[in-house]
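What follows is target_32.csv (CSV, C-alpha atoms and all ligand atoms).
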chain,number,residue,atom,x,y,z
P,1,MET,CA,-14.2,8.9,7.4
P,2,THR,CA,-15.7,5.5,7.8
P,3,VAL,CA,-16.2,3.4,4.7
P,4,ALA,CA,-19.7,2.2,4.1
P,5,LEU,CA,-19.2,-1.3,2.7
P,6,PRO,CA,-22.0,-3.2,1.0
P,7,ALA,CA,-23.9,-5.3,3.6
P,8,HIS,CA,-22.7,-8.7,2.1
P,9,ILE,CA,-19.0,-7.6,2.3
P,10,GLN,CA,-19.4,-6.2,5.8
P,11,SER,CA,-20.9,-9.6,6.9
P,12,LEU,CA,-18.0,-11.5,5.1
P,13,ILE,CA,-15.5,-9.4,7.1
P,14,GLU,CA,-17.4,-9.9,10.3
P,15,THR,CA,-17.3,-13.7,9.7
P,16,GLY,CA,-13.6,-13.4,9.0
P,17,GLN,CA,-13.1,-11.4,12.3
P,18,ARG,CA,-14.9,-14.1,14.2
P,19,ARG,CA,-12.9,-16.9,12.6
P,20,ARG,CA,-9.7,-15.1,13.4
P,21,ARG,CA,-10.7,-14.9,17.1
P,22,GLU,CA,-11.5,-18.6,17.2
P,23,GLY,CA,-8.0,-19.7,16.3
P,24,TYR,CA,-5.0,-19.7,14.0
P,25,ARG,CA,-5.7,-19.3,10.3
P,26,GLY,CA,-2.7,-19.1,8.1
P,27,ARG,CA,-2.3,-19.0,4.3
P,28,PHE,CA,0.2,-19.6,1.6
P,29,ALA,CA,-0.2,-17.2,-1.3
P,30,PRO,CA,2.0,-18.0,-4.3
P,31,SER,CA,1.9,-16.0,-7.6
P,32,PRO,CA,1.6,-18.6,-10.4
P,33,THR,CA,4.4,-17.0,-12.4
P,34,GLY,CA,6.2,-20.3,-12.6
P,35,ALA,CA,7.0,-23.4,-10.5
P,36,LEU,CA,7.9,-22.9,-6.9
P,37,HIS,CA,11.6,-22.8,-6.2
P,38,ARG,CA,13.2,-24.2,-3.1
P,39,GLY,CA,12.9,-20.8,-1.3
P,40,ASN,CA,9.1,-20.7,-2.0
P,41,LEU,CA,8.9,-24.4,-0.9
P,42,ARG,CA,10.6,-23.7,2.3
P,43,THR,CA,8.3,-20.7,3.1
P,44,ALA,CA,5.3,-23.0,2.3
P,45,LEU,CA,6.7,-25.6,4.7
P,46,LEU,CA,7.3,-23.1,7.5
P,47,SER,CA,3.8,-21.5,7.0
P,48,TRP,CA,2.2,-25.0,7.0
P,49,LEU,CA,4.2,-26.0,10.1
P,50,GLU,CA,3.2,-22.9,12.1
P,51,ALA,CA,-0.5,-23.4,11.2
P,52,ARG,CA,-0.4,-27.2,12.1
P,53,LEU,CA,1.6,-26.7,15.3
P,54,SER,CA,-0.9,-24.1,16.3
P,55,GLY,CA,-3.7,-26.5,15.7
P,56,GLY,CA,-5.1,-24.1,13.0
P,57,ALA,CA,-6.2,-24.0,9.4
P,58,TRP,CA,-3.9,-23.5,6.4
P,59,LEU,CA,-5.4,-22.0,3.2
P,60,LEU,CA,-3.9,-21.9,-0.2
P,61,ARG,CA,-4.6,-18.8,-2.3
P,62,HIS,CA,-3.2,-18.3,-5.8
P,63,ASP,CA,-2.4,-14.6,-6.3
P,64,ASP,CA,-3.2,-14.6,-10.0
P,65,LEU,CA,-4.6,-11.2,-10.7
P,66,ASP,CA,-1.7,-10.0,-12.8
P,67,THR,CA,-2.7,-12.2,-15.6
P,68,PRO,CA,0.1,-11.3,-18.1
P,69,ARG,CA,2.6,-12.6,-15.6
P,70,ASN,CA,0.8,-15.9,-15.0
P,71,ARG,CA,2.3,-19.0,-16.6
P,72,PRO,CA,0.0,-21.7,-18.0
P,73,GLY,CA,0.0,-24.8,-15.8
P,74,ALA,CA,1.7,-23.0,-12.9
P,75,ILE,CA,-1.3,-23.3,-10.6
P,76,GLU,CA,-1.6,-27.1,-11.2
P,77,ALA,CA,2.2,-27.5,-10.8
P,78,ILE,CA,2.2,-25.6,-7.4
P,79,GLU,CA,-0.7,-27.7,-6.1
P,80,ALA,CA,1.0,-30.9,-7.2
P,81,ASP,CA,4.3,-29.9,-5.6
P,82,LEU,CA,2.6,-29.1,-2.3
P,83,LEU,CA,0.6,-32.3,-2.2
P,84,TRP,CA,3.7,-34.4,-3.1
P,85,LEU,CA,5.5,-32.9,-0.1
P,86,GLY,CA,2.5,-33.7,2.1
P,87,LEU,CA,1.6,-30.0,2.6
P,88,HIS,CA,-2.2,-30.3,2.5
P,89,TRP,CA,-4.4,-27.2,2.6
P,90,ASP,CA,-7.8,-26.8,4.1
P,91,GLY,CA,-10.8,-26.2,1.9
P,92,PRO,CA,-10.7,-25.5,-1.8
P,93,ALA,CA,-7.7,-23.6,-3.1
P,94,LEU,CA,-8.7,-20.0,-3.8
P,95,ARG,CA,-7.8,-17.9,-6.9
P,96,GLN,CA,-7.8,-14.1,-6.6
P,97,SER,CA,-8.9,-13.9,-10.3
P,98,ARG,CA,-12.2,-15.3,-9.2
P,99,ARG,CA,-12.7,-12.7,-6.5
P,100,ARG,CA,-12.4,-9.6,-8.7
P,101,GLY,CA,-16.0,-8.7,-8.0
P,102,LEU,CA,-15.3,-8.5,-4.2
P,103,TYR,CA,-12.2,-6.4,-4.6
P,104,GLY,CA,-14.0,-4.1,-7.1
P,105,SER,CA,-16.9,-3.5,-4.6
P,106,VAL,CA,-14.4,-2.6,-1.8
P,107,LEU,CA,-12.6,-0.3,-4.2
P,108,SER,CA,-15.9,1.5,-5.1
P,109,ALA,CA,-16.7,1.8,-1.4
P,110,LEU,CA,-13.4,3.5,-0.8
P,111,ARG,CA,-13.9,5.8,-3.7
P,112,ARG,CA,-17.4,6.8,-2.5
P,113,ALA,CA,-15.9,7.5,0.9
P,114,GLY,CA,-13.5,10.0,-0.8
P,115,LEU,CA,-10.4,8.1,0.1
P,116,LEU,CA,-9.2,7.5,-3.4
P,117,TYR,CA,-7.8,9.9,-6.0
P,118,PRO,CA,-6.7,9.5,-9.6
P,119,CYS,CA,-3.0,9.7,-10.2
P,120,ARG,CA,-1.5,10.5,-13.6
P,121,CYS,CA,2.1,10.5,-12.8
P,122,SER,CA,3.9,8.5,-15.5
P,123,ARG,CA,6.2,5.6,-14.5
P,124,ARG,CA,9.1,7.5,-15.8
P,125,LEU,CA,8.3,10.5,-13.6
P,126,LEU,CA,7.9,8.2,-10.6
P,127,ALA,CA,11.1,6.5,-11.3
P,128,ASP,CA,13.0,9.8,-11.6
P,129,VAL,CA,11.6,11.8,-8.8
P,130,SER,CA,10.5,9.3,-6.1
P,131,ALA,CA,14.0,7.9,-6.0
P,132,PRO,CA,14.6,6.1,-2.8
P,133,HIS,CA,15.4,8.5,-0.1
P,134,GLY,CA,14.7,5.9,2.6
P,135,ARG,CA,14.6,2.2,2.3
P,136,TRP,CA,12.3,2.2,-0.8
P,137,PRO,CA,10.6,4.7,-3.1
P,138,VAL,CA,7.7,6.6,-1.5
P,139,TYR,CA,5.1,8.5,-3.7
P,140,PRO,CA,5.2,12.1,-2.6
P,141,GLY,CA,1.4,12.7,-3.2
P,142,TRP,CA,1.7,15.1,-6.2
P,143,CYS,CA,-1.8,14.2,-7.6
P,144,ARG,CA,-3.6,14.6,-4.3
P,145,GLN,CA,-4.6,18.2,-5.0
P,146,ARG,CA,-5.5,17.8,-8.7
P,147,ALA,CA,-9.1,17.9,-9.9
P,148,PRO,CA,-10.3,14.2,-9.5
P,149,VAL,CA,-10.9,13.4,-13.2
P,150,TRP,CA,-11.3,9.6,-13.4
P,151,GLY,CA,-11.6,9.2,-17.1
P,152,PRO,CA,-8.9,9.1,-19.7
P,153,GLU,CA,-6.7,12.1,-20.3
P,154,GLN,CA,-4.6,12.1,-23.5
P,155,GLY,CA,-5.8,8.6,-24.0
P,156,ARG,CA,-4.4,7.4,-20.7
P,157,LEU,CA,-6.4,6.2,-17.6
P,158,PRO,CA,-5.2,7.2,-14.2
P,159,SER,CA,-4.1,4.8,-11.4
P,160,TRP,CA,-6.2,5.1,-8.2
P,161,ARG,CA,-4.4,5.8,-5.0
P,162,LEU,CA,-5.5,5.5,-1.4
P,163,ARG,CA,-5.1,8.7,0.5
P,164,LEU,CA,-3.3,7.4,3.6
P,165,PRO,CA,-3.8,9.5,6.6
P,166,PRO,CA,-0.4,10.6,8.1
P,167,GLY,CA,0.7,8.8,11.3
P,168,PRO,CA,2.2,5.5,12.4
P,169,LEU,CA,1.2,2.1,11.0
P,170,GLY,CA,2.1,-0.8,13.2
P,171,TRP,CA,1.8,-4.6,13.3
P,172,GLN,CA,3.0,-7.5,15.3
P,173,GLU,CA,6.0,-9.4,14.0
P,174,ARG,CA,6.7,-12.9,15.3
P,175,TYR,CA,10.3,-13.3,14.1
P,176,GLY,CA,11.6,-9.7,14.4
P,177,PRO,CA,11.0,-6.4,16.0
P,178,PRO,CA,7.4,-5.0,15.8
P,179,GLY,CA,6.6,-3.5,12.4
P,180,ARG,CA,6.4,0.3,12.6
P,181,CYS,CA,6.3,2.7,9.6
P,182,ASP,CA,5.2,6.2,9.1
P,183,ALA,CA,2.4,6.4,6.6
P,184,ALA,CA,3.6,9.7,5.0
P,185,THR,CA,7.4,9.2,4.9
P,186,ASP,CA,7.8,5.4,4.7
P,187,VAL,CA,4.7,4.3,2.7
P,188,GLY,CA,3.0,7.0,0.7
P,189,ASP,CA,-0.4,6.8,-1.0
P,190,VAL,CA,-0.9,3.2,-2.1
P,191,VAL,CA,-2.0,2.3,-5.7
P,192,LEU,CA,-5.1,0.2,-5.5
P,193,ARG,CA,-6.1,0.1,-9.1
P,194,ARG,CA,-3.3,0.3,-11.7
P,195,ALA,CA,-3.4,2.6,-14.7
P,196,ASP,CA,-3.6,-0.5,-16.9
P,197,GLY,CA,-6.9,-1.3,-15.2
P,198,PHE,CA,-5.6,-4.2,-13.0
P,199,LEU,CA,-6.6,-4.4,-9.4
P,200,ALA,CA,-3.5,-4.1,-7.3
P,201,TYR,CA,-2.0,-6.8,-5.1
P,202,HIS,CA,-2.2,-4.7,-1.9
P,203,LEU,CA,-5.9,-4.2,-2.3
P,204,ALA,CA,-6.7,-7.9,-3.0
P,205,THR,CA,-4.4,-9.1,-0.3
P,206,ALA,CA,-5.8,-6.8,2.4
P,207,VAL,CA,-9.4,-7.7,1.5
P,208,ASP,CA,-8.5,-11.4,1.5
P,209,GLU,CA,-6.7,-11.4,4.9
P,210,LEU,CA,-9.9,-9.8,6.3
P,211,THR,CA,-12.6,-11.8,4.5
P,212,LEU,CA,-10.8,-15.1,4.9
P,213,GLY,CA,-10.2,-14.4,8.6
P,214,ILE,CA,-6.4,-14.8,8.4
P,215,SER,CA,-4.9,-14.5,11.9
P,216,ASP,CA,-1.3,-15.1,11.0
P,217,VAL,CA,0.7,-14.5,7.8
P,218,LEU,CA,4.1,-16.2,7.5
P,219,ARG,CA,5.9,-15.2,4.3
P,220,GLY,CA,9.3,-14.2,2.9
P,221,ALA,CA,11.2,-11.2,4.3
P,222,ASP,CA,11.0,-9.6,0.8
P,223,LEU,CA,7.4,-8.8,1.6
P,224,TRP,CA,8.1,-6.8,4.8
P,225,PRO,CA,7.9,-3.5,2.9
P,226,ALA,CA,4.5,-4.5,1.4
P,227,THR,CA,3.1,-5.0,4.9
P,228,ALA,CA,2.8,-1.4,5.8
P,229,ALA,CA,0.8,-0.7,2.6
P,230,GLN,CA,-1.5,-3.7,3.3
P,231,VAL,CA,-1.9,-2.7,7.0
P,232,GLY,CA,-2.8,0.9,5.7
P,233,VAL,CA,-5.5,-0.5,3.4
P,234,MET,CA,-7.0,-2.6,6.3
P,235,ALA,CA,-6.9,0.5,8.6
P,236,ALA,CA,-8.7,2.5,5.9
P,237,LEU,CA,-11.5,-0.1,6.0
P,238,GLY,CA,-11.6,0.1,9.8
P,239,PHE,CA,-9.9,-3.3,10.7
P,240,ALA,CA,-6.8,-4.5,12.4
P,241,PRO,CA,-4.2,-6.5,10.5
P,242,PRO,CA,-3.2,-10.1,11.2
P,243,ARG,CA,0.0,-11.0,13.0
P,244,TYR,CA,3.0,-11.3,10.6
P,245,GLY,CA,6.1,-13.5,10.5
P,246,HIS,CA,8.6,-12.6,7.8
P,247,VAL,CA,11.2,-15.3,7.4
P,248,PRO,CA,14.6,-15.1,5.7
P,249,LEU,CA,14.8,-15.7,1.9
P,250,TRP,CA,16.9,-18.6,0.7
P,251,CYS,CA,19.7,-17.3,-1.4
P,252,ASP,CA,22.1,-19.0,-3.8
P,253,GLU,CA,25.8,-19.4,-3.1
P,254,ALA,CA,26.5,-16.0,-4.4
P,255,GLY,CA,23.9,-14.5,-2.1
P,256,ARG,CA,21.4,-13.8,-4.9
P,257,ARG,CA,17.6,-14.3,-4.4
P,258,LEU,CA,16.4,-17.5,-6.1
P,259,SER,CA,14.3,-17.0,-9.3
P,260,LYS,CA,11.4,-19.1,-10.5
P,261,ARG,CA,12.9,-18.9,-14.0
P,262,SER,CA,15.6,-21.4,-13.3
P,263,ALA,CA,13.8,-24.8,-13.2
P,264,ASP,CA,16.7,-26.6,-11.4
P,265,GLU,CA,15.9,-24.5,-8.2
P,266,GLY,CA,12.5,-26.3,-7.9
P,267,LEU,CA,11.2,-29.7,-7.0
P,268,GLU,CA,12.1,-31.0,-10.4
P,269,GLY,CA,15.8,-30.3,-9.8
P,270,LEU,CA,15.7,-31.7,-6.3
P,271,ARG,CA,14.0,-34.9,-7.6
P,272,ALA,CA,16.6,-35.1,-10.4
P,273,ARG,CA,19.3,-35.2,-7.7
P,274,GLY,CA,17.6,-38.3,-6.3
P,275,LEU,CA,15.7,-36.8,-3.4
P,276,ASP,CA,12.3,-38.2,-2.5
P,277,ALA,CA,9.7,-36.3,-0.4
P,278,PRO,CA,11.3,-37.0,3.0
P,279,GLY,CA,14.7,-36.0,1.5
P,280,VAL,CA,13.3,-32.7,0.3
P,281,ILE,CA,11.4,-31.9,3.5
P,282,GLY,CA,14.6,-32.7,5.4
P,283,ALA,CA,16.7,-30.4,3.2
P,284,LEU,CA,14.1,-27.6,3.5
P,285,ALA,CA,13.9,-28.0,7.2
P,286,ALA,CA,17.6,-28.2,7.7
P,287,SER,CA,18.2,-25.0,5.8
P,288,ALA,CA,16.0,-23.2,8.3
P,289,GLY,CA,17.8,-24.8,11.2
P,290,LEU,CA,14.8,-27.1,12.2
P,291,VAL,CA,16.7,-30.4,11.8
P,292,ALA,CA,20.2,-31.5,11.3
P,293,ALA,CA,21.7,-31.5,7.8
P,294,GLY,CA,21.0,-34.7,5.9
P,295,ALA,CA,17.8,-35.5,7.8
P,296,ARG,CA,15.1,-37.5,6.0
P,297,ILE,CA,11.7,-36.7,7.5
P,298,SER,CA,8.1,-36.4,6.2
P,299,ALA,CA,6.1,-33.2,6.8
P,300,ALA,CA,3.8,-35.1,9.2
P,301,GLU,CA,6.8,-36.5,11.2
P,302,LEU,CA,8.4,-33.1,11.4
P,303,CYS,CA,5.1,-31.8,12.9
P,304,GLU,CA,5.2,-34.5,15.5
P,305,GLU,CA,8.8,-33.9,16.4
P,306,LEU,CA,8.4,-30.1,17.0
P,307,THR,CA,6.3,-28.0,19.4
P,308,LEU,CA,5.1,-24.6,18.4
P,309,GLU,CA,7.5,-23.0,21.0
P,310,ARG,CA,10.5,-24.9,19.7
P,311,PHE,CA,9.6,-24.1,16.1
P,312,GLN,CA,9.3,-20.4,16.8
P,313,GLN,CA,12.4,-20.3,18.9
P,314,LEU,CA,14.4,-21.9,16.0
P,315,LEU,CA,12.9,-19.6,13.4
P,316,ARG,CA,13.7,-16.6,15.5
P,317,ARG,CA,17.3,-17.8,15.7
P,318,ALA,CA,17.4,-18.3,11.9
P,319,ALA,CA,15.9,-14.8,11.3
P,320,LEU,CA,18.6,-13.3,13.5
P,321,ALA,CA,21.4,-15.3,11.9
P,322,ALA,CA,20.2,-14.1,8.4
P,323,LYS,CA,20.5,-10.5,9.6
P,324,THR,CA,24.1,-10.8,10.9
T,1,LIG,N1,1.8,-13.6,-4.1
T,1,LIG,C1,2.9,-12.8,-3.6
T,1,LIG,C2,4.2,-13.5,-3.7
T,1,LIG,O1,4.2,-14.7,-4.1
T,1,LIG,C3,2.6,-12.4,-2.2
T,1,LIG,C4,2.5,-13.4,-1.2
T,1,LIG,C5,2.1,-13.0,0.2
T,1,LIG,O2,1.5,-12.0,0.4
T,1,LIG,O3,2.3,-13.9,1.1
T,1,LIG,O4,5.2,-12.9,-3.6
Can the structure in the file be given as structure tokens, please?
Amino acid sequence: MTVALPAHIQSLIETGQRRRREGYRGRFAPSPTGALHRGNLRTALLSWLEARLSGGAWLLRHDDLDTPRNRPGAIEAIEADLLWLGLHWDGPALRQSRRRGLYGSVLSALRRAGLLYPCRCSRRLLADVSAPHGRWPVYPGWCRQRAPVWGPEQGRLPSWRLRLPPGPLGWQERYGPPGRCDAATDVGDVVLRRADGFLAYHLATAVDELTLGISDVLRGADLWPATAAQVGVMAALGFAPPRYGHVPLWCDEAGRRLSKRSADEGLEGLRARGLDAPGVIGALAASAGLVAAGARISAAELCEELTLERFQQLLRRAALAAKT
């Protein structure tokens, strides 16, 4: 069934589609749950570089919908860090929290089209029964057949899930094999509105990629599994996804993912070790194999030194090395 979107949203998406066709439009989308750590900073640099080497635009979007997790001052700190590194974004920085009306209207349109259903499975039940049988937990669709009662039951509101039609979901990957998942066995029905009333990240992100006309998403490899869900939401709305590039995460010496909680992993720590902006850019770029270790280079100079082809070749190599 096609989703009848309100005219102003349809026109926003059409403008987005046109912008996407006109050229590269990338984005960096941090969650303001703390200061960026060096892994986030490296992803920001790579995403900025790919956009600038493509002669395209680079947007900054704060994924701040999950308000209890936001840290006061984090948005300002993220922006100050990016500017200090010379990673300038185009246009005003966006905040998902200011776009709730847009996401809510899309959600209502999906609901009117009969593509959503209320789910009352408790977290406990989900944790017990949808135990990972593949690469990650997949919701088996228990509430699909229940009467669609949207109000509270026993004092609890349902979450709202998107009924994903069975079949393959695919997308282009720049630094790895093409993305391919099966909607029923690898993804499952995606939660678009959480039981606590929050609009879900997958909904907001899918709507943003379309309305902002994002042609290319470069982000951390931890978000690869999220891609199928987002591609599924875009498909339900009747649109193709952007191209994706998932880049390796930067881990600590013990191979653990970095956390925003430890401040020494961020710019503050790097500065305390005496690094200035060219020192930090050099360290971030060297860790991705773009320059030799110990290089000092500004973001703008790095852009002049590289070509898009060389950059992508080096990143493919880094992605491959991370897998082996
Ligand atoms: N805001 C999320 C994060 O920082 C998602 C980012 C994205 O989709 O690129 O993990």
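Between P:Ala184 and the candidates P:Leu82, P:Leu169, P:Leu223, P:Leu126, the tightest atom-to-atom separation, counting all atoms listed in the file, involves P:Leu169.
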*Produce as an MDAnalysis selection string the set of residues near ligand LIG 1 (chain T), where near means within 10 Å with all atoms listed in the file considered.*
chainID P and resid 27:33 36 40 43:44 47 61:65 96 201:202 204:206 209 217:224 226:227 230 244 246
*Of the listed residues P:Leu212, P:Leu308, P:Val191, P:Cys119, that which approaches P:Ala147 most closely, counting all atoms listed in the file*: P:Cys119
*Would you mind telling me which residue in P:Pro137, P:Pro152, P:Gly245, P:Pro165 lies nearest to P:Pro177 when using all atoms listed in the file?*
P:Gly245
*asked:* Distance cut-off 12 Å, centre (9.0, -24.1, 2.7) in file coordinates, counting all atoms listed in the file: which residues qualify? Return them as number ranges by chain.
replied: P: 28, 30, 36-50, 81-82, 85-87, 218-220, 247-250, 266-267, 280-288, 290, 299
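Atom CA of P:Pro242 to atom CA of P:Ser215 spans 4.8 Å [interatomic distance, one decimal].
Minimum atom-to-atom distance to P:Arg25, evaluated using all atoms listed in the file, belongs to P:Arg243 out of P:Arg316, P:Arg161, P:Arg243, P:Arg257.
Interatomic distance, atom CA of P:Thr185 against atom CA of P:Val138: 6.9 Å.
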_Would you compute the distance between atom CA of P:Ala195 and atom CA of P:Asn70? Give it in Å to one decimal._
19.0 Å
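In this comparison, which uses all atoms listed in the file, the residue of P:Leu102, P:Leu162, P:Ala254, P:Leu306 approaching P:His8 most closely is P:Leu102.
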*Smallest atom-to-atom distance to P:Thr307: which of P:Gly232, P:Gly151, P:Gly55, P:Gly101, using only C-alpha atoms?*
P:Gly55
*Please identify all polymer residues lying at most 7 Å from the point (0.0, 6.8, -11.2) (file coordinates), using only C-alpha atoms, and present the result as a PyMOL selection string.*
chain P and resi 119-122+158-159+195
